[in-house]
$ cat work.txt   # compact mmCIF, C-alpha atoms and all ligand atoms
# COMPACT_ATOMS: atom_id res chain seq x y z
CA MET A 841 9.59 2.74 -0.35
CA PRO A 842 9.75 -1.06 -0.35
CA THR A 843 13.39 -1.08 0.78
CA GLY A 844 12.48 0.47 4.12
CA LYS A 845 9.55 -1.87 4.49
CA LEU A 846 11.79 -4.83 3.77
CA ARG A 847 14.17 -3.69 6.48
CA ASN A 848 11.28 -3.47 8.96
CA ARG A 849 9.98 -6.80 7.87
CA ALA A 850 13.35 -8.45 8.21
CA ALA A 851 13.69 -7.09 11.73
CA ARG A 852 10.47 -8.76 12.81
CA HIS A 853 11.37 -12.43 12.57
CA ASP A 854 8.63 -14.50 14.11
CA PHE A 855 6.95 -17.85 13.65
CA PHE A 856 4.90 -16.85 10.60
CA TYR A 857 7.78 -14.90 9.03
CA GLU A 858 10.11 -17.91 9.32
CA ARG A 859 7.41 -20.27 8.05
CA ALA A 860 6.77 -18.05 4.99
CA ARG A 861 10.49 -18.04 4.21
CA ARG A 862 10.71 -21.82 4.51
CA GLU A 863 7.63 -22.35 2.32
CA GLY A 864 8.74 -19.88 -0.37
CA PHE A 865 6.11 -17.18 0.21
CA ALA A 866 6.94 -13.51 -0.23
CA GLY A 867 5.47 -12.57 3.17
CA ARG A 868 3.86 -13.76 6.39
CA ALA A 869 0.52 -12.23 5.32
CA VAL A 870 -0.16 -15.38 3.30
CA TYR A 871 -1.27 -17.24 6.43
CA LYS A 872 -3.98 -14.65 7.12
CA LEU A 873 -5.51 -15.19 3.68
CA ALA A 874 -5.11 -18.96 4.02
CA GLU A 875 -7.08 -18.86 7.30
CA VAL A 876 -9.80 -16.60 5.87
CA ASP A 877 -10.07 -18.93 2.89
CA ARG A 878 -10.21 -22.05 5.09
CA ARG A 879 -12.97 -20.55 7.21
CA THR A 880 -15.11 -19.04 4.44
CA GLY A 881 -14.38 -21.04 1.26
CA LEU A 882 -13.67 -17.75 -0.51
CA LEU A 883 -11.41 -18.97 -3.32
CA ARG A 884 -11.97 -21.75 -5.82
CA ARG A 885 -10.46 -23.13 -8.98
CA GLY A 886 -11.00 -21.08 -12.15
CA MET A 887 -11.98 -17.85 -10.35
CA ARG A 888 -11.16 -14.31 -11.51
CA VAL A 889 -9.59 -12.51 -8.57
CA LEU A 890 -8.53 -8.89 -8.00
CA ASP A 891 -5.89 -8.44 -5.26
CA LEU A 892 -5.61 -4.83 -4.06
CA GLY A 893 -2.37 -4.02 -2.23
CA CYS A 894 -0.59 -7.10 -3.57
CA TRP A 895 3.06 -6.20 -2.81
CA PRO A 896 5.27 -8.13 -2.06
CA GLY A 897 3.14 -10.90 -3.55
CA SER A 898 2.29 -13.66 -1.06
CA TRP A 899 -1.50 -13.41 -1.51
CA LEU A 900 -1.01 -13.69 -5.28
CA GLN A 901 1.24 -16.72 -4.79
CA TYR A 902 -1.41 -18.41 -2.61
CA THR A 903 -4.34 -17.43 -4.83
CA ALA A 904 -2.57 -18.58 -8.00
CA ARG A 905 -2.29 -22.06 -6.48
CA ILE A 906 -5.98 -22.18 -5.60
CA VAL A 907 -7.45 -20.77 -8.82
CA GLY A 908 -5.08 -22.85 -10.96
CA PRO A 909 -4.27 -22.41 -14.64
CA THR A 910 -7.85 -21.59 -15.62
CA GLY A 911 -8.09 -18.75 -13.09
CA VAL A 912 -7.25 -15.09 -13.73
CA LEU A 913 -5.50 -12.82 -11.23
CA VAL A 914 -4.98 -9.07 -11.30
CA GLY A 915 -2.69 -7.64 -8.62
CA VAL A 916 -2.54 -3.91 -7.83
CA ASP A 917 -0.04 -2.00 -5.73
CA ARG A 918 1.91 1.25 -5.65
CA PHE A 919 5.05 -0.91 -5.91
CA PRO A 920 6.04 -3.62 -8.41
CA LEU A 921 6.05 -7.20 -7.12
CA GLU A 922 9.18 -8.62 -5.54
CA VAL A 923 8.55 -12.23 -6.52
CA PRO A 924 8.36 -13.62 -10.03
CA ILE A 925 4.77 -13.36 -11.23
CA PRO A 926 3.48 -16.72 -10.03
CA SER A 927 1.60 -17.86 -13.14
CA PRO A 928 0.89 -16.71 -16.69
CA GLY A 929 -2.68 -15.84 -15.65
CA VAL A 930 -1.46 -12.99 -13.40
CA ARG A 931 -1.50 -9.35 -14.51
CA GLN A 932 0.13 -6.66 -12.42
CA VAL A 933 -1.08 -3.05 -12.31
CA VAL A 934 1.28 -0.59 -10.62
CA GLY A 935 -0.56 2.46 -9.29
CA ASP A 936 -2.59 4.02 -6.53
CA VAL A 937 -6.11 2.61 -6.07
CA PHE A 938 -7.50 6.12 -5.65
CA ASP A 939 -6.26 7.03 -9.14
CA LEU A 940 -7.06 3.83 -11.04
CA ALA A 941 -10.33 3.62 -12.93
CA PRO A 942 -12.29 0.35 -12.49
CA GLN A 943 -12.05 -0.29 -16.26
CA VAL A 944 -8.23 -0.37 -16.08
CA LEU A 945 -8.44 -3.14 -13.49
CA LEU A 946 -10.93 -5.16 -15.51
CA GLY A 947 -8.94 -5.03 -18.75
CA SER A 948 -10.82 -7.40 -21.04
CA LEU A 949 -12.64 -9.25 -18.23
CA PRO A 950 -16.40 -8.75 -17.78
CA ALA A 951 -16.18 -8.93 -13.96
CA PHE A 952 -14.31 -10.48 -11.01
CA ASP A 953 -15.51 -13.33 -8.78
CA VAL A 954 -13.51 -12.16 -5.76
CA VAL A 955 -11.97 -8.83 -4.72
CA LEU A 956 -9.30 -9.03 -2.00
CA SER A 957 -7.77 -6.08 -0.19
CA ASP A 958 -4.86 -6.33 2.22
CA MET A 959 -4.08 -2.65 1.70
CA ALA A 960 -2.57 -0.90 4.68
CA PRO A 961 -1.60 2.75 5.03
CA ASP A 962 1.93 3.94 5.75
CA THR A 963 1.50 4.12 9.50
CA THR A 964 2.31 7.32 11.41
CA GLY A 965 1.98 5.91 14.93
CA VAL A 966 -0.90 8.32 15.53
CA ARG A 967 -3.77 5.92 16.05
CA SER A 968 -6.58 8.20 14.82
CA THR A 969 -4.69 9.07 11.62
CA ASP A 970 -3.80 5.45 10.90
CA GLN A 971 -7.40 4.33 11.51
CA ALA A 972 -8.78 7.06 9.23
CA ARG A 973 -6.36 6.07 6.45
CA SER A 974 -7.17 2.38 6.86
CA GLU A 975 -10.88 3.19 6.66
CA ALA A 976 -10.36 5.23 3.49
CA LEU A 977 -8.47 2.33 1.86
CA PHE A 978 -11.16 -0.15 2.92
CA ALA A 979 -13.92 2.14 1.62
CA ARG A 980 -12.13 2.43 -1.73
CA ALA A 981 -11.67 -1.36 -1.91
CA LEU A 982 -15.37 -1.83 -1.18
CA GLU A 983 -16.30 0.75 -3.80
CA LEU A 984 -14.19 -1.10 -6.39
CA ALA A 985 -15.71 -4.44 -5.30
CA GLU A 986 -19.21 -3.01 -5.73
CA ALA A 987 -18.28 -1.82 -9.23
CA LEU A 988 -16.37 -4.89 -10.38
CA LEU A 989 -17.87 -8.02 -8.80
CA ALA A 990 -20.18 -10.36 -10.66
CA PRO A 991 -23.48 -11.09 -8.88
CA GLY A 992 -22.78 -13.68 -6.16
CA GLY A 993 -19.12 -12.57 -5.97
CA SER A 994 -17.19 -12.09 -2.74
CA PHE A 995 -15.02 -9.51 -1.02
CA CYS A 996 -12.38 -9.67 1.71
CA GLY A 997 -10.91 -6.43 3.01
CA LYS A 998 -8.55 -5.53 5.83
CA LEU A 999 -9.80 -2.89 8.22
CA PHE A 1000 -8.32 -1.45 11.43
CA GLN A 1001 -11.16 -1.16 13.93
CA GLY A 1002 -11.91 2.52 14.49
CA PRO A 1003 -14.69 5.11 14.51
CA GLY A 1004 -15.87 4.29 10.97
CA TRP A 1005 -16.14 0.55 11.66
CA GLN A 1006 -19.93 0.29 12.12
CA ASP A 1007 -20.75 2.44 9.06
CA LEU A 1008 -18.42 0.41 6.85
CA LEU A 1009 -19.85 -2.88 8.13
CA GLN A 1010 -23.32 -1.57 7.45
CA ARG A 1011 -22.32 -0.78 3.89
CA CYS A 1012 -20.97 -4.33 3.49
CA ARG A 1013 -24.22 -5.77 4.84
CA GLY A 1014 -26.08 -3.77 2.23
CA ALA A 1015 -23.92 -5.11 -0.59
CA PHE A 1016 -23.51 -8.80 0.38
CA ASN A 1017 -25.84 -11.59 1.54
CA LYS A 1018 -23.54 -12.59 4.39
CA VAL A 1019 -20.79 -10.68 6.21
CA ARG A 1020 -18.19 -12.31 8.47
CA ILE A 1021 -15.44 -10.71 10.51
CA ILE A 1022 -12.25 -12.67 10.94
CA ARG A 1023 -9.18 -11.90 13.00
CA PRO A 1024 -6.64 -14.46 11.79
CA GLU A 1025 -4.03 -16.04 14.05
CA GLY A 1026 -1.34 -14.61 11.78
CA SER A 1027 -2.25 -11.02 12.76
CA ARG A 1028 0.33 -9.49 15.05
CA GLN A 1029 -0.50 -9.27 18.74
CA GLY A 1030 -1.96 -5.89 19.59
CA SER A 1031 -2.82 -5.13 15.95
CA LEU A 1032 -6.31 -3.69 15.42
CA GLU A 1033 -6.64 -5.29 11.99
CA GLN A 1034 -9.56 -7.50 11.09
CA TYR A 1035 -10.72 -8.94 7.79
CA VAL A 1036 -14.28 -8.20 6.75
CA VAL A 1037 -15.58 -10.84 4.37
CA GLY A 1038 -18.66 -10.22 2.26
CA LEU A 1039 -20.11 -13.34 0.61
CA GLY A 1040 -22.66 -13.25 -2.21
CA ARG A 1041 -22.76 -9.85 -3.93
CA LYS A 1042 -26.41 -8.82 -4.09
C1 LIG B 1101 0.39 -5.50 4.01
S1 LIG B 1101 0.89 -5.07 2.39
C2 LIG B 1101 0.12 -6.32 1.43
C3 LIG B 1101 0.76 -7.68 1.54
C4 LIG B 1101 0.26 -8.62 0.46
N1 LIG B 1101 -1.12 -9.02 0.71
C5 LIG B 1101 1.07 -9.89 0.39
O1 LIG B 1101 0.59 -10.92 0.77
O2 LIG B 1101 2.22 -9.85 -0.06
C6 LIG B 1101 -0.08 -3.66 2.06
C7 LIG B 1101 0.14 -3.04 0.69
O3 LIG B 1101 -0.88 -2.08 0.45
C8 LIG B 1101 -0.34 -1.17 -0.49
N2 LIG B 1101 -1.12 0.05 -0.57
C9 LIG B 1101 -1.36 0.95 0.41
N3 LIG B 1101 -2.04 2.01 -0.06
C10 LIG B 1101 -2.24 1.77 -1.39
C11 LIG B 1101 -2.87 2.51 -2.43
N4 LIG B 1101 -3.43 3.70 -2.17
N5 LIG B 1101 -2.90 1.99 -3.68
C12 LIG B 1101 -2.32 0.78 -3.93
N6 LIG B 1101 -1.70 0.03 -2.97
C13 LIG B 1101 -1.66 0.52 -1.73
C14 LIG B 1101 1.06 -0.92 0.04
O4 LIG B 1101 1.90 -0.39 -0.99
C15 LIG B 1101 1.47 -2.30 0.55
O5 LIG B 1101 2.30 -2.97 -0.35
$ encode --input "work.txt" --output "structure tokens" --more "lines below"
Ligand SMILES: C[S@@+](CC[C@H](N)C(=O)[O-])C[C@H]1O[C@@H](n2cnc3c(N)ncnc32)[C@H](O)[C@@H]1O
Amino acid sequence: MPTGKLRNRAARHDFFYERARREGFAGRAVYKLAEVDRRTGLLRRGMRVLDLGCWPGSWLQYTARIVGPTGVLVGVDRFPLEVPIPSPGVRQVVGDVFDLAPQVLLGSLPAFDVVLSDMAPDTTGVRSTDQARSEALFARALELAEALLAPGGSFCGKLFQGPGWQDLLQRCRGAFNKVRIIRPEGSRQGSLEQYVVGLGRK
């Protein structure tokens, strides 16, 4: 439950955590997205963006600022957001991505311009299990991106490097014109997470 996660989060005060608090963001993860965006030019004004695994809400806060009032955001998580919904153009869907049909995420939109996924499994401490769960979440995010992106659209998904890494990258290369792998400075030391960015949906 979020309460436990909050306790863990609160115990891990660090530079990015303190900065997020000072700057009014719901979590330190915002700086990872900001770096990916700076390096790839992923997000732009007026875009329609789907954010998978949006709790507690810092990626939505950041994205809302970039896409502005003409943009549309849909945030999905198993838990409701902990920050006020950052703009009227944001819709929240509470549920599990494995159960949600693509049409529910689209609502009345024809397609998305960007699909983001910062989804992470509840970790067990058993590396192989955690990697397998991270790969399953990434594969689901990619499947939804393939179903929901407009041609030319982009994808950014978090993935813990593990045995399925090459196959998943290969799938991304098949779906996008360009694939970049970014390990942002905001990722914790020792974490195996990377962000796979697919630009230009074929
Ligand atoms: C690292 S947090 C995301 C942080 C978020 N990007 C932010 O900036 O606030 C990962 C989230 O993925 C969500 N998640 C994990 N598995 C999920 C699933 N099967 N369906 C929906 N959300 C899921 C978790 O509930 C968790 O809130």
$ closest_residue --input "work.txt" --among "A:Asp953, A:Asp1007, A:Glu975, A:Asp958" --to "Ala990 in chain A" --atoms "all atoms listed in the file"
A:Asp953
$ residues_near_ligand --input "work.txt" --ligand "ligand LIG 1101 (chain B)" --cutoff "6 Å" --atoms "only C-alpha atoms and all ligand atoms" --output "PyMOL selection string"
chain A and resi 866-867+869-870+893-899+917-919+935-938+958-961
$ residues_around --input "work.txt" --residues "Arg859 in chain A" --least-positions-apart "3" --cutoff "12 Å" --atoms "all atoms listed in the file" --output "list in words"
His853, Asp854, Phe855, Phe856, Arg862, Glu863, Gly864, Phe865, Ala866, Gly867, Arg868, Ala869, Val870, Tyr871 and Gly1026 of chain A
$ closest_residue --input "work.txt" --among "A:Arg861, A:Arg888, A:Lys872, A:Arg1011" --to "Arg1028 in chain A" --atoms "all atoms listed in the file"
A:Lys872
$ atom_distance --input "work.txt" --atom1 "CA of Asp939 in chain A" --atom2 "CA of Gly1004 in chain A"
22.5 Å
$ closest_atom_pairs --input "work.txt" --of "range 896-985 of chain A" --to "range 875-881 of chain A" --cutoff "12 Å" --atoms "all atoms listed in the file" --output "Markdown table"
| residue | atom | partner | partner_atom | distance |
| --- | --- | --- | --- | --- |
| A:Trp899 | CA | A:Asp877 | CA | 11.1 |
| A:Tyr902 | CA | A:Asp877 | CA | 10.3 |
| A:Thr903 | CA | A:Asp877 | CA | 9.7 |
| A:Ile906 | CA | A:Asp877 | CA | 10.0 |
| A:Val954 | CA | A:Gly881 | CA | 11.4 |
| A:Leu956 | CA | A:Val876 | CA | 10.9 |
| A:Asp958 | CA | A:Val876 | CA | 12.0 |
$ atom_distance --input "work.txt" --atom1 "CA of Ser1031 in chain A" --atom2 "CA of Phe1000 in chain A"
8.0 Å
$ closest_residue --input "work.txt" --among "A:Gly915, A:Arg1020, A:Ala860, A:Arg931" --to "Ser948 in chain A" --atoms "only C-alpha atoms"
A:Arg931
$ residues_around --input "work.txt" --residues "Ala979 in chain A" --least-positions-apart "5" --cutoff "10 Å" --atoms "only C-alpha atoms" --output "mmCIF file with C-alpha atoms, in the coordinates of the input"
data_model
loop_
_atom_site.group_PDB
_atom_site.id
_atom_site.type_symbol
_atom_site.label_atom_id
_atom_site.label_comp_id
_atom_site.auth_asym_id
_atom_site.auth_seq_id
_atom_site.Cartn_x
_atom_site.Cartn_y
_atom_site.Cartn_z
ATOM 1 C CA ARG A 973 -6.360 6.070 6.450
ATOM 2 C CA SER A 974 -7.170 2.380 6.860
ATOM 3 C CA LEU A 984 -14.190 -1.100 -6.390
ATOM 4 C CA ALA A 985 -15.710 -4.440 -5.300
ATOM 5 C CA GLY A 997 -10.910 -6.430 3.010
ATOM 6 C CA LEU A 999 -9.800 -2.890 8.220
ATOM 7 C CA GLY A 1004 -15.870 4.290 10.970
ATOM 8 C CA LEU A 1008 -18.420 0.410 6.850
ATOM 9 C CA ARG A 1011 -22.320 -0.780 3.890
ATOM 10 C CA CYS A 1012 -20.970 -4.330 3.490
#
$ atom_distance --input "work.txt" --atom1 "CA of Ala976 in chain A" --atom2 "CA of Pro991 in chain A"
24.3 Å
$ residues_around --input "work.txt" --residues "range 992-994 of chain A" --least-positions-apart "5" --cutoff "10 Å" --atoms "all atoms listed in the file" --output "list of chain:residue names"
A:Leu882, A:Leu883, A:Met887, A:Arg888, A:Val889, A:Ala951, A:Phe952, A:Asp953, A:Val954, A:Val955, A:Leu956, A:Ala985, A:Glu986, A:Ala1015, A:Phe1016, A:Asn1017, A:Lys1018, A:Val1019, A:Val1037, A:Gly1038, A:Leu1039, A:Gly1040, A:Arg1041, A:Lys1042
$ closest_residue --input "work.txt" --among "A:Val916, A:Leu1032, A:Ala941, A:Leu873" --to "Arg967 in chain A" --atoms "only C-alpha atoms"
A:Leu1032
$ axis_aligned_box --input "work.txt" --around "range 1001-1008 of chain A" --padding-each-side "4 Å" --output "JSON"
{"center_x": -16.0, "center_y": 2.0, "center_z": 10.7, "size_x": 17.6, "size_y": 14.3, "size_z": 15.7}
$ residues_around --input "work.txt" --residues "Ile1021 in chain A" --least-positions-apart "3" --cutoff "8 Å" --atoms "all atoms listed in the file" --output "list in words"
Gln1034, Tyr1035, Val1036 and Val1037 of chain A
